[in-house]
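> So here's start_34.txt (compact mmCIF, C-alpha atoms).
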```txt
# COMPACT_ATOMS: atom_id res chain seq x y z
CA MET A 1 -105.94 -96.03 131.72
CA ASN A 2 -102.23 -95.35 132.23
CA ARG A 3 -100.83 -98.55 133.55
CA GLY A 4 -97.26 -97.29 133.70
CA GLY A 5 -98.28 -94.16 135.57
CA ASN A 6 -100.23 -96.19 138.10
CA ALA A 7 -97.26 -98.47 138.74
CA SER A 8 -95.28 -95.75 140.55
CA ILE A 9 -98.35 -94.75 142.56
CA VAL A 10 -98.93 -98.37 143.55
CA SER A 11 -95.30 -98.82 144.58
CA GLU A 12 -95.46 -95.71 146.76
CA SER A 13 -98.75 -96.86 148.34
CA VAL A 14 -97.39 -100.34 149.04
CA ALA A 15 -94.29 -98.79 150.60
CA VAL A 16 -96.41 -96.53 152.78
CA SER A 17 -98.54 -99.50 153.87
CA THR A 18 -95.41 -101.46 154.80
CA GLU A 19 -94.06 -98.53 156.81
CA ARG A 20 -97.35 -98.30 158.70
CA GLY A 21 -97.14 -101.97 159.54
CA LEU A 22 -93.58 -101.61 160.81
CA SER A 23 -94.53 -98.61 162.93
CA GLY A 24 -97.24 -100.61 164.68
CA ASP A 25 -100.28 -98.98 163.07
CA LYS A 26 -102.97 -101.50 162.12
CA SER A 27 -103.27 -101.99 158.37
CA PRO A 28 -106.69 -102.30 156.73
CA ALA A 29 -107.91 -105.84 156.14
CA ILE A 30 -108.18 -104.93 152.44
CA GLN A 31 -106.67 -102.00 150.57
CA LEU A 32 -107.26 -101.39 146.86
CA VAL A 33 -104.90 -98.88 145.25
CA GLY A 34 -105.71 -97.49 141.80
CA LEU A 35 -107.34 -100.80 140.93
CA GLY A 36 -108.43 -101.18 137.32
CA LYS A 37 -109.59 -103.95 135.01
CA THR A 38 -110.30 -103.87 131.29
CA PHE A 39 -111.66 -106.56 129.01
CA GLY A 40 -110.56 -105.48 125.57
CA ASP A 41 -112.00 -102.01 125.06
CA VAL A 42 -114.42 -102.38 127.99
CA VAL A 43 -113.41 -100.72 131.25
CA ALA A 44 -114.95 -102.92 133.94
CA VAL A 45 -113.22 -101.29 136.93
CA ASP A 46 -111.85 -97.77 136.69
CA ASN A 47 -109.15 -96.68 139.17
CA ILE A 48 -110.71 -97.82 142.44
CA ASP A 49 -109.22 -96.76 145.79
CA LEU A 50 -110.78 -98.43 148.82
CA GLU A 51 -109.92 -99.45 152.38
CA ILE A 52 -111.89 -102.03 154.37
CA ALA A 53 -111.14 -102.26 158.08
CA GLU A 54 -110.55 -105.40 160.08
CA GLY A 55 -113.84 -106.93 161.25
CA GLU A 56 -116.11 -104.90 158.98
CA PHE A 57 -119.18 -106.23 157.22
CA PHE A 58 -118.59 -104.31 154.01
CA SER A 59 -120.92 -104.47 151.00
CA LEU A 60 -120.19 -103.75 147.35
CA LEU A 61 -123.57 -102.64 146.00
CA GLY A 62 -124.53 -101.84 142.43
CA PRO A 63 -126.46 -102.93 139.35
CA SER A 64 -125.31 -105.66 136.96
CA GLY A 65 -122.21 -104.57 135.06
CA SER A 66 -121.19 -101.94 137.61
CA GLY A 67 -117.86 -103.63 138.43
CA LYS A 68 -118.56 -104.90 141.93
CA THR A 69 -118.14 -108.61 141.18
CA THR A 70 -114.98 -107.97 139.16
CA VAL A 71 -113.52 -106.16 142.18
CA LEU A 72 -114.40 -109.14 144.40
CA ARG A 73 -112.76 -111.55 141.94
CA MET A 74 -109.58 -109.45 141.92
CA ILE A 75 -109.49 -109.51 145.73
CA ALA A 76 -109.92 -113.29 145.62
CA GLY A 77 -107.26 -113.71 142.93
CA PHE A 78 -109.58 -115.11 140.26
CA GLU A 79 -108.89 -112.07 138.05
CA LEU A 80 -105.62 -110.19 137.61
CA PRO A 81 -105.89 -106.39 137.61
CA THR A 82 -104.96 -104.43 134.52
CA ALA A 83 -103.68 -101.70 136.83
CA GLY A 84 -103.28 -101.07 140.54
CA ALA A 85 -102.75 -103.29 143.57
CA VAL A 86 -104.61 -105.46 146.08
CA LEU A 87 -103.20 -105.41 149.62
CA LEU A 88 -104.39 -107.78 152.36
CA HIS A 89 -103.39 -106.70 155.84
CA GLY A 90 -100.66 -104.49 154.39
CA GLN A 91 -99.15 -107.17 152.13
CA ASP A 92 -99.27 -106.87 148.33
CA MET A 93 -101.21 -109.89 147.02
CA THR A 94 -101.90 -108.57 143.53
CA ARG A 95 -100.10 -111.34 141.62
CA LEU A 96 -100.57 -114.22 144.07
CA ALA A 97 -102.75 -117.21 143.22
CA PRO A 98 -106.08 -117.57 145.08
CA TYR A 99 -104.77 -120.43 147.25
CA ASP A 100 -101.89 -118.23 148.46
CA ARG A 101 -104.26 -115.57 149.83
CA ASP A 102 -105.78 -115.85 153.29
CA VAL A 103 -109.31 -115.39 151.95
CA ASN A 104 -112.20 -117.73 151.17
CA THR A 105 -115.14 -117.17 148.84
CA VAL A 106 -118.79 -118.21 149.12
CA PHE A 107 -120.65 -118.32 145.82
CA GLN A 108 -124.33 -118.06 144.95
CA ASP A 109 -124.52 -121.72 143.85
CA TYR A 110 -122.93 -123.00 147.12
CA ALA A 111 -120.70 -125.50 145.20
CA LEU A 112 -121.18 -128.24 147.80
CA PHE A 113 -120.12 -131.82 147.01
CA PRO A 114 -123.44 -133.72 146.61
CA HIS A 115 -121.90 -137.17 147.35
CA MET A 116 -120.41 -136.04 150.67
CA SER A 117 -122.13 -135.58 154.00
CA VAL A 118 -122.39 -132.10 155.48
CA GLN A 119 -119.64 -132.98 157.95
CA ARG A 120 -117.28 -134.10 155.18
CA ASN A 121 -118.11 -131.03 153.08
CA VAL A 122 -117.08 -128.77 155.93
CA GLU A 123 -113.95 -130.81 156.65
CA TYR A 124 -112.81 -130.87 153.02
CA GLY A 125 -110.65 -127.74 153.03
CA LEU A 126 -108.92 -128.86 156.22
CA LYS A 127 -108.23 -132.27 154.69
CA VAL A 128 -106.62 -130.64 151.64
CA LYS A 129 -104.37 -128.67 154.02
CA GLY A 130 -103.30 -131.87 155.75
CA VAL A 131 -105.08 -131.30 159.07
CA GLY A 132 -105.44 -134.54 161.06
CA LYS A 133 -108.75 -136.40 161.18
CA ALA A 134 -109.52 -135.73 164.84
CA GLU A 135 -108.73 -132.02 164.51
CA ARG A 136 -110.81 -131.81 161.30
CA ARG A 137 -113.83 -133.29 163.02
CA ARG A 138 -113.48 -131.06 166.03
CA ARG A 139 -113.18 -127.84 164.04
CA ALA A 140 -115.93 -128.81 161.59
CA GLY A 141 -118.21 -129.65 164.48
CA GLU A 142 -117.53 -126.29 166.12
CA MET A 143 -118.27 -124.45 162.88
CA LEU A 144 -121.50 -126.37 162.25
CA GLU A 145 -122.56 -125.41 165.75
CA ALA A 146 -121.73 -121.77 164.99
CA VAL A 147 -124.08 -121.81 161.98
CA HIS A 148 -126.78 -123.71 163.94
CA LEU A 149 -126.38 -127.01 162.08
CA ALA A 150 -124.74 -129.13 164.78
CA ASP A 151 -127.29 -131.96 164.29
CA PHE A 152 -127.06 -132.03 160.48
CA GLY A 153 -123.54 -133.40 159.98
CA ALA A 154 -124.68 -136.79 158.65
CA ARG A 155 -127.05 -135.39 156.02
CA ARG A 156 -126.32 -134.90 152.34
CA PRO A 157 -126.80 -131.45 150.76
CA ASN A 158 -129.86 -132.58 148.77
CA GLU A 159 -131.59 -133.42 152.05
CA MET A 160 -131.44 -129.82 153.22
CA SER A 161 -133.22 -126.55 152.45
CA GLY A 162 -131.64 -123.74 150.48
CA GLY A 163 -130.96 -121.75 153.62
CA GLN A 164 -129.36 -124.74 155.34
CA ARG A 165 -127.13 -125.42 152.33
CA GLN A 166 -126.07 -121.78 152.37
CA ARG A 167 -125.03 -122.13 156.01
CA VAL A 168 -123.07 -125.29 155.15
CA ALA A 169 -121.21 -123.31 152.47
CA LEU A 170 -120.46 -120.63 155.07
CA ALA A 171 -119.21 -123.20 157.57
CA ARG A 172 -116.95 -124.79 154.92
CA ALA A 173 -115.46 -121.38 154.10
CA LEU A 174 -115.05 -120.28 157.72
CA VAL A 175 -113.56 -123.52 159.06
CA ASN A 176 -110.24 -122.64 157.40
CA ARG A 177 -110.16 -119.49 159.56
CA PRO A 178 -109.56 -117.02 156.74
CA LYS A 179 -108.84 -113.42 157.60
CA VAL A 180 -111.35 -112.26 154.98
CA LEU A 181 -114.53 -113.95 153.72
CA LEU A 182 -115.79 -112.90 150.28
CA LEU A 183 -119.46 -113.48 149.51
CA ASP A 184 -120.57 -113.26 145.86
CA GLU A 185 -124.36 -112.64 145.92
CA PRO A 186 -124.82 -115.71 148.16
CA LEU A 187 -128.53 -115.10 148.81
CA GLY A 188 -129.58 -114.53 145.20
CA ALA A 189 -131.06 -118.01 144.71
CA LEU A 190 -133.25 -117.91 147.83
CA ASP A 191 -136.90 -116.87 148.03
CA LEU A 192 -137.76 -113.57 149.70
CA LYS A 193 -138.66 -114.88 153.16
CA LEU A 194 -135.64 -117.16 153.37
CA ARG A 195 -133.39 -114.39 152.04
CA GLU A 196 -134.58 -112.07 154.82
CA GLU A 197 -133.96 -114.78 157.43
CA MET A 198 -130.47 -115.40 156.07
CA GLN A 199 -129.66 -111.69 156.23
CA VAL A 200 -130.14 -111.87 160.00
CA GLU A 201 -128.18 -115.15 160.19
CA LEU A 202 -125.24 -113.76 158.19
CA LYS A 203 -125.02 -110.65 160.32
CA ASN A 204 -125.08 -112.71 163.52
CA ILE A 205 -122.47 -115.16 162.22
CA GLN A 206 -120.15 -112.33 161.17
CA ARG A 207 -120.48 -110.69 164.57
CA ASP A 208 -119.81 -114.01 166.35
CA VAL A 209 -116.72 -115.04 164.35
CA GLY A 210 -115.33 -111.50 163.99
CA ILE A 211 -113.97 -112.05 160.47
CA THR A 212 -114.01 -109.34 157.80
CA PHE A 213 -116.90 -109.97 155.40
CA VAL A 214 -116.98 -108.46 151.90
CA PHE A 215 -120.44 -108.94 150.47
CA VAL A 216 -121.38 -108.36 146.81
CA THR A 217 -125.03 -107.68 146.03
CA HIS A 218 -127.34 -105.77 143.72
CA ASP A 219 -130.05 -105.84 146.41
CA GLN A 220 -130.15 -102.56 148.33
CA GLY A 221 -132.13 -104.12 151.18
CA GLU A 222 -129.41 -106.69 151.80
CA ALA A 223 -126.69 -104.06 151.82
CA LEU A 224 -128.57 -101.64 154.07
CA SER A 225 -129.71 -104.23 156.60
CA MET A 226 -126.41 -106.06 157.13
CA SER A 227 -123.47 -103.78 156.43
CA SER A 228 -121.33 -101.58 158.62
CA ARG A 229 -120.41 -99.66 155.44
CA VAL A 230 -121.43 -99.77 151.79
CA ALA A 231 -119.67 -98.82 148.55
CA VAL A 232 -122.14 -98.02 145.76
CA PHE A 233 -120.76 -98.90 142.32
CA ASN A 234 -121.76 -97.50 138.93
CA ASP A 235 -119.99 -97.90 135.57
CA GLY A 236 -116.84 -99.32 137.12
CA ARG A 237 -116.45 -96.56 139.71
CA ILE A 238 -117.47 -96.00 143.32
CA GLU A 239 -120.12 -93.28 143.55
CA GLN A 240 -120.27 -93.16 147.35
CA ILE A 241 -118.94 -94.94 150.45
CA GLY A 242 -120.66 -94.65 153.80
CA THR A 243 -122.77 -96.24 156.49
CA PRO A 244 -126.19 -97.53 155.41
CA HIS A 245 -127.75 -94.52 157.16
CA ASP A 246 -125.53 -92.04 155.30
CA ILE A 247 -126.03 -93.74 151.93
CA TYR A 248 -129.80 -93.66 152.30
CA GLU A 249 -130.35 -90.39 154.11
CA HIS A 250 -127.56 -88.35 152.47
CA PRO A 251 -126.91 -89.66 148.94
CA SER A 252 -124.13 -87.69 147.29
CA THR A 253 -125.15 -88.30 143.67
CA ALA A 254 -128.37 -88.63 141.71
CA PHE A 255 -127.45 -92.22 140.88
CA VAL A 256 -127.12 -93.22 144.54
CA ALA A 257 -130.38 -91.49 145.42
CA GLY A 258 -132.21 -93.33 142.64
CA PHE A 259 -130.58 -96.74 143.08
CA VAL A 260 -130.66 -97.00 146.88
CA GLY A 261 -134.34 -96.84 147.75
CA THR A 262 -136.90 -94.70 145.98
CA SER A 263 -136.24 -91.01 145.59
CA ASN A 264 -137.58 -87.91 143.91
CA LEU A 265 -134.76 -86.45 141.83
CA LEU A 266 -135.28 -82.76 141.18
CA SER A 267 -133.44 -81.30 138.19
CA ALA A 268 -131.49 -78.07 138.62
CA ALA A 269 -134.32 -76.13 136.95
CA MET A 270 -136.98 -77.71 139.16
CA SER A 271 -134.84 -77.16 142.27
CA GLN A 272 -134.53 -73.50 141.31
CA ARG A 273 -138.31 -73.19 141.00
CA LEU A 274 -139.20 -75.06 144.20
CA LEU A 275 -136.17 -74.54 146.45
CA GLY A 276 -134.47 -71.45 145.09
CA HIS A 277 -131.20 -73.26 144.27
CA PHE A 278 -130.04 -74.15 140.76
CA THR A 279 -128.59 -77.50 141.83
CA PRO A 280 -130.13 -80.99 141.51
CA HIS A 281 -131.72 -82.20 144.75
CA THR A 282 -133.22 -85.41 146.06
CA ILE A 283 -136.17 -85.92 148.41
CA ARG A 284 -137.28 -89.29 149.76
CA PRO A 285 -141.03 -89.96 149.26
CA GLU A 286 -141.54 -90.60 152.98
CA ARG A 287 -140.33 -87.08 153.78
CA ILE A 288 -143.16 -85.57 151.69
CA HIS A 289 -146.69 -85.42 153.10
CA LEU A 290 -150.14 -84.53 151.85
CA VAL A 291 -151.45 -81.31 153.33
CA THR A 292 -154.83 -82.21 154.76
CA SER A 293 -155.53 -78.87 156.39
CA ALA A 294 -155.53 -75.38 154.90
CA ARG A 295 -152.05 -74.61 156.23
CA ALA A 296 -148.72 -76.39 156.21
CA ALA A 297 -145.85 -75.72 158.60
CA SER A 298 -144.51 -72.22 158.09
CA ASP A 299 -141.08 -73.34 156.88
CA ASP A 300 -142.36 -76.16 154.63
CA ILE A 301 -142.06 -76.12 150.86
CA THR A 302 -145.52 -76.60 149.34
CA VAL A 303 -146.71 -77.27 145.81
CA ASP A 304 -150.07 -78.16 144.24
CA GLY A 305 -150.72 -81.07 141.91
CA VAL A 306 -153.05 -83.83 140.76
CA VAL A 307 -152.90 -87.49 141.85
CA ASP A 308 -151.96 -89.54 138.76
CA ASP A 309 -151.65 -92.93 140.41
CA ILE A 310 -151.79 -94.67 143.79
CA GLN A 311 -149.74 -97.79 144.47
CA TYR A 312 -150.89 -99.88 147.42
CA LEU A 313 -147.93 -101.45 149.30
CA GLY A 314 -149.65 -102.83 152.37
CA SER A 315 -149.08 -100.68 155.44
CA GLU A 316 -148.18 -97.75 153.23
CA SER A 317 -149.19 -96.45 149.82
CA ARG A 318 -147.33 -94.37 147.28
CA ALA A 319 -149.13 -91.53 145.50
CA ARG A 320 -147.77 -90.15 142.22
CA VAL A 321 -148.57 -86.45 142.04
CA ARG A 322 -148.35 -84.55 138.74
CA LEU A 323 -147.29 -80.92 139.08
CA ASP A 324 -148.31 -78.04 136.83
CA ASP A 325 -145.16 -78.31 134.69
CA GLY A 326 -145.77 -82.01 133.98
CA SER A 327 -143.12 -83.33 136.38
CA HIS A 328 -144.03 -85.75 139.17
CA LEU A 329 -143.41 -86.31 142.85
CA LEU A 330 -143.82 -89.61 144.70
CA VAL A 331 -145.37 -89.33 148.16
CA SER A 332 -145.33 -92.22 150.67
CA VAL A 333 -148.11 -92.15 153.24
CA PRO A 334 -149.78 -94.67 155.57
CA SER A 335 -152.47 -96.48 153.59
CA ASP A 336 -155.17 -95.36 156.02
CA GLY A 337 -154.16 -91.76 155.28
CA LEU A 338 -155.46 -92.03 151.71
CA VAL A 339 -159.11 -92.62 152.61
CA ASP A 340 -160.22 -89.31 151.10
CA VAL A 341 -157.68 -89.24 148.27
CA ALA A 342 -158.22 -90.81 144.85
CA ILE A 343 -156.74 -90.68 141.37
CA GLY A 344 -157.65 -87.39 139.74
CA HIS A 345 -157.95 -85.46 143.01
CA ASN A 346 -156.27 -82.08 143.40
CA VAL A 347 -153.85 -82.17 146.33
CA ARG A 348 -151.20 -80.08 148.01
CA VAL A 349 -147.93 -81.69 149.05
CA ALA A 350 -145.33 -80.32 151.44
CA TRP A 351 -141.93 -81.18 152.88
CA PRO A 352 -139.47 -79.59 155.32
CA ARG A 353 -136.63 -77.66 153.72
CA SER A 354 -134.20 -79.98 155.50
CA ALA A 355 -135.63 -82.99 153.61
CA ALA A 356 -134.08 -81.91 150.29
CA PHE A 357 -130.40 -82.73 149.71
CA ALA A 358 -128.20 -81.39 146.93
CA VAL A 359 -126.66 -84.12 144.75
CA VAL A 360 -124.23 -84.39 141.87
CA ASP A 361 -126.16 -85.18 138.70
CA SER A 362 -124.25 -88.25 137.51
CA THR A 363 -127.24 -89.84 135.78
CA ASN A 364 -127.73 -87.50 132.80
CA GLN A 365 -131.47 -87.91 133.11
CA GLY A 366 -132.35 -84.58 131.58
CA GLU A 367 -134.40 -81.77 133.03
CA LYS A 368 -137.35 -83.68 134.48
CA PRO A 369 -136.99 -85.88 137.57
```
Could you show the structure in this file as C-alpha cells?


Amino acid sequence: MNRGGNASIVSESVAVSTERGLSGDKSPAIQLVGLGKTFGDVVAVDNIDLEIAEGEFFSLLGPSGSGKTTVLRMIAGFELPTAGAVLLHGQDMTRLAPYDRDVNTVFQDYALFPHMSVQRNVEYGLKVKGVGKAERRRRAGEMLEAVHLADFGARRPNEMSGGQRQRVALARALVNRPKVLLLDEPLGALDLKLREEMQVELKNIQRDVGITFVFVTHDQGEALSMSSRVAVFNDGRIEQIGTPHDIYEHPSTAFVAGFVGTSNLLSAAMSQRLLGHFTPHTIRPERIHLVTSARAASDDITVDGVVDDIQYLGSESRARVRLDDGSHLLVSVPSDGLVDVAIGHNVRVAWPRSAAFAVVDSTNQGEKP
C-alpha cells in the first residue's frame, strides 16, 4: 500500500469536500477516502472509498476478518488508519481522538455501569460534559421514553432483560445527540427471538431520532431487514454497495451471492452448458421450481437430475438436486409441494432465464458450483 501516494489523493479529496461545503452542497455524514489499515504484514482494510449520507441506516456486512469492524473503529477514532482519511460532515477527523469526534459507539457487551441506576447510566455522558442536573434528568428522561423505558429509570442493569439493557445502551449513546451513531454487532449476544424484536426496535428508533446509524454485523438477516444501504466486505475490501434489495436480488460477485442468502453459483463452464454464456452466474433457490407437469414454460431453462437430499425448514423445504455432471442445484419449494418427491427420485427443474445473473467470480471456488 503506497502511503505517500495516497496522501496527495487524500489532500485533494479533503479539499474538494471543503469546497463543496463552502458552496452550500450537503456533505456526506461520513466519507472514507482511500482508507487502509495494516497490522504488520496483514492488510486488514485495503483502500476503501465510501460515502454514507446524512440520516442513513448503513450496514457494514461481512464475515469475521473481513475488515468491517476495523473500519468502524477507524471512524470512531479507536484505530488510526495506515493510509487514507476519515471525514465527518466534510471535516477531516482522521487524527482526532474519539472524544473530539461527534460520534458515539454502542458495543455488543453494552458496557453499562452495574452500580448505577438506568437513569444515572443514561445521564453519565451529559454529566461528564458538565450539563446541569435538571437538564441531564430532562434529556435522559426524554431518551428513555424514546426507547420505551420511561418507567425503568430507577432499576439497575442486572434487573433488566438483555433487550432492555441494549436499549439503555442506545439511550446513553443517543442522549449526547451525536451526529453519527456507530453500532458494533450490538445484537450478537441476544437470542434469536429477542434479536428479531430488537431489529424492529432499532429501525424504529433510528427513524424517530433521524441520526445516521452505521451498523456492523456478520448477520445477513440483520443487514437486509434494517438497512437503507449495505456494504458487503470481504478480505479488507468492499465487494458491493447497494440497497438490501439490490444486494440480494442482483449480487455483483460470486462472494456476495454466496454470503448474502443462499445461492446456486454456476461456474463459467456450467453456465455455458445451461445458459449459453461462458460467464459465472448465480440463481437463488426460490427462483427454481420443480416441473410437475410434462411441460415447463417455453422460455424456461430446464435440466434433469436426482434428488440427493431434502432439508425441511418449516413452511418451505430445500431440495438438493444432483445433475448428470455431478454438480448440484438447490431448489426451495413450499413444504406441501414435496408430497410426491423423495430422496432418490428423478426430477426436472426449471427457472426463467431472467432468474440467472452474471457475477464476477471472486471466490476461486473452481469449476463446480

> Counting all atoms listed in the file, figure out which residue out of A:Val43, A:Ala269, A:Val122, A:Leu181 gets nearest to Arg156 of chain A.

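Among A:Val43, A:Ala269, A:Val122, A:Leu181, it is A:Val122 that comes nearest to Arg156 of chain A.
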
> Taking all atoms listed in the file into account, name the residue in A:Val128, A:Val175, A:Phe39, A:Ala111 that is nearest to Glu142 of chain A.

A:Val175

> Which of these residues is nearest to Ser59 of chain A, using all atoms listed in the file: A:Thr212, A:Asn204, A:Asn176, A:Ser117?

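When distances to Ser59 of chain A are compared using all atoms listed in the file, the smallest one comes from A:Thr212.
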
> Smallest atom-to-atom distance to Leu96 of chain A: which of A:Ala76, A:Leu290, A:Ala356, A:Ala140, using all atoms listed in the file?

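The closest residue to Leu96 of chain A is A:Ala76.
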
> In the coordinate frame of the file, compute which residues have an atom within 9 Å of (-136.0, -83.3, 141.2) when using only C-alpha atoms, and state them as a list in words.

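The residues that fall inside the cut-off are Ser263, Asn264, Leu265, Leu266, Ser267, Ala268, Ala269, Met270, Ser271, Pro280, His281, Thr282, Ile283, Ser327, His328, Leu329, Glu367, Lys368 and Pro369 of chain A.
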
> Compare A:Ser335, A:Gln272, A:Gln199, A:Thr279 by their minimum atom-to-atom distance to Arg318 of chain A, counting all atoms listed in the file, and give me the closest one.

A:Ser335

> Fewer than 2 positions away in the same chain doesn't count, so skip those; otherwise give me all residues within 8 Å of Val347 of chain A, counting only C-alpha atoms, as a VMD selection string.

chain A and resid 290 to 291 304 to 307 345 349

> To one decimal place in Å, what is the distance between atom CA of Ile310 of chain A and atom CA of Val339 of chain A?

11.6 Å

> Mind rebuilding segment 203-228 of chain A with N, CA and C atoms and writing that out as a PDB file, in the coordinates of the input?


```pdb
ATOM      1  N   LYS A 203    -125.492-111.724 159.452  1.00  0.00           N
ATOM      2  CA  LYS A 203    -125.020-110.650 160.320  1.00  0.00           C
ATOM      3  C   LYS A 203    -124.616-111.193 161.689  1.00  0.00           C
ATOM      4  N   ASN A 204    -125.399-112.120 162.223  1.00  0.00           N
ATOM      5  CA  ASN A 204    -125.080-112.710 163.520  1.00  0.00           C
ATOM      6  C   ASN A 204    -123.806-113.539 163.455  1.00  0.00           C
ATOM      7  N   ILE A 205    -123.662-114.322 162.378  1.00  0.00           N
ATOM      8  CA  ILE A 205    -122.470-115.160 162.220  1.00  0.00           C
ATOM      9  C   ILE A 205    -121.218-114.284 162.119  1.00  0.00           C
ATOM     10  N   GLN A 206    -121.303-113.216 161.325  1.00  0.00           N
ATOM     11  CA  GLN A 206    -120.150-112.330 161.170  1.00  0.00           C
ATOM     12  C   GLN A 206    -119.764-111.702 162.500  1.00  0.00           C
ATOM     13  N   ARG A 207    -120.759-111.293 163.265  1.00  0.00           N
ATOM     14  CA  ARG A 207    -120.480-110.690 164.570  1.00  0.00           C
ATOM     15  C   ARG A 207    -119.853-111.723 165.513  1.00  0.00           C
ATOM     16  N   ASP A 208    -120.321-112.977 165.451  1.00  0.00           N
ATOM     17  CA  ASP A 208    -119.810-114.010 166.350  1.00  0.00           C
ATOM     18  C   ASP A 208    -118.368-114.403 166.009  1.00  0.00           C
ATOM     19  N   VAL A 209    -118.055-114.562 164.717  1.00  0.00           N
ATOM     20  CA  VAL A 209    -116.720-115.040 164.350  1.00  0.00           C
ATOM     21  C   VAL A 209    -115.716-113.894 164.239  1.00  0.00           C
ATOM     22  N   GLY A 210    -116.200-112.666 164.021  1.00  0.00           N
ATOM     23  CA  GLY A 210    -115.330-111.500 163.990  1.00  0.00           C
ATOM     24  C   GLY A 210    -114.441-111.376 162.769  1.00  0.00           C
ATOM     25  N   ILE A 211    -114.763-112.091 161.696  1.00  0.00           N
ATOM     26  CA  ILE A 211    -113.970-112.050 160.470  1.00  0.00           C
ATOM     27  C   ILE A 211    -114.499-110.953 159.552  1.00  0.00           C
ATOM     28  N   THR A 212    -113.607-110.344 158.784  1.00  0.00           N
ATOM     29  CA  THR A 212    -114.010-109.340 157.800  1.00  0.00           C
ATOM     30  C   THR A 212    -114.833-109.989 156.700  1.00  0.00           C
ATOM     31  N   PHE A 213    -116.037-109.499 156.472  1.00  0.00           N
ATOM     32  CA  PHE A 213    -116.900-109.970 155.400  1.00  0.00           C
ATOM     33  C   PHE A 213    -116.954-108.909 154.309  1.00  0.00           C
ATOM     34  N   VAL A 214    -116.764-109.327 153.056  1.00  0.00           N
ATOM     35  CA  VAL A 214    -116.980-108.460 151.900  1.00  0.00           C
ATOM     36  C   VAL A 214    -118.087-109.087 151.068  1.00  0.00           C
ATOM     37  N   PHE A 215    -119.184-108.392 150.982  1.00  0.00           N
ATOM     38  CA  PHE A 215    -120.440-108.940 150.470  1.00  0.00           C
ATOM     39  C   PHE A 215    -120.827-108.208 149.183  1.00  0.00           C
ATOM     40  N   VAL A 216    -120.970-108.943 148.088  1.00  0.00           N
ATOM     41  CA  VAL A 216    -121.380-108.360 146.810  1.00  0.00           C
ATOM     42  C   VAL A 216    -122.871-108.598 146.608  1.00  0.00           C
ATOM     43  N   THR A 217    -123.600-107.544 146.266  1.00  0.00           N
ATOM     44  CA  THR A 217    -125.030-107.680 146.030  1.00  0.00           C
ATOM     45  C   THR A 217    -125.543-106.552 145.142  1.00  0.00           C
ATOM     46  N   HIS A 218    -126.639-106.833 144.449  1.00  0.00           N
ATOM     47  CA  HIS A 218    -127.340-105.770 143.720  1.00  0.00           C
ATOM     48  C   HIS A 218    -128.602-105.382 144.475  1.00  0.00           C
ATOM     49  N   ASP A 219    -128.829-106.044 145.623  1.00  0.00           N
ATOM     50  CA  ASP A 219    -130.050-105.840 146.410  1.00  0.00           C
ATOM     51  C   ASP A 219    -129.772-104.800 147.500  1.00  0.00           C
ATOM     52  N   GLN A 220    -130.388-103.644 147.368  1.00  0.00           N
ATOM     53  CA  GLN A 220    -130.150-102.560 148.330  1.00  0.00           C
ATOM     54  C   GLN A 220    -130.571-102.938 149.733  1.00  0.00           C
ATOM     55  N   GLY A 221    -131.658-103.710 149.857  1.00  0.00           N
ATOM     56  CA  GLY A 221    -132.130-104.120 151.180  1.00  0.00           C
ATOM     57  C   GLY A 221    -131.111-104.957 151.919  1.00  0.00           C
ATOM     58  N   GLU A 222    -130.460-105.882 151.190  1.00  0.00           N
ATOM     59  CA  GLU A 222    -129.410-106.690 151.800  1.00  0.00           C
ATOM     60  C   GLU A 222    -128.275-105.810 152.299  1.00  0.00           C
ATOM     61  N   ALA A 223    -127.823-104.907 151.452  1.00  0.00           N
ATOM     62  CA  ALA A 223    -126.690-104.060 151.820  1.00  0.00           C
ATOM     63  C   ALA A 223    -127.025-103.165 153.010  1.00  0.00           C
ATOM     64  N   LEU A 224    -128.211-102.565 153.004  1.00  0.00           N
ATOM     65  CA  LEU A 224    -128.570-101.640 154.070  1.00  0.00           C
ATOM     66  C   LEU A 224    -128.785-102.355 155.398  1.00  0.00           C
ATOM     67  N   SER A 225    -129.339-103.555 155.353  1.00  0.00           N
ATOM     68  CA  SER A 225    -129.710-104.230 156.600  1.00  0.00           C
ATOM     69  C   SER A 225    -128.543-104.921 157.295  1.00  0.00           C
ATOM     70  N   MET A 226    -127.480-105.265 156.539  1.00  0.00           N
ATOM     71  CA  MET A 226    -126.410-106.060 157.130  1.00  0.00           C
ATOM     72  C   MET A 226    -125.098-105.319 157.335  1.00  0.00           C
ATOM     73  N   SER A 227    -124.829-104.306 156.545  1.00  0.00           N
ATOM     74  CA  SER A 227    -123.470-103.780 156.430  1.00  0.00           C
ATOM     75  C   SER A 227    -123.124-102.749 157.494  1.00  0.00           C
ATOM     76  N   SER A 228    -121.835-102.706 157.844  1.00  0.00           N
ATOM     77  CA  SER A 228    -121.330-101.580 158.620  1.00  0.00           C
ATOM     78  C   SER A 228    -121.054-100.398 157.702  1.00  0.00           C
TER      79      SER A 228
END
```
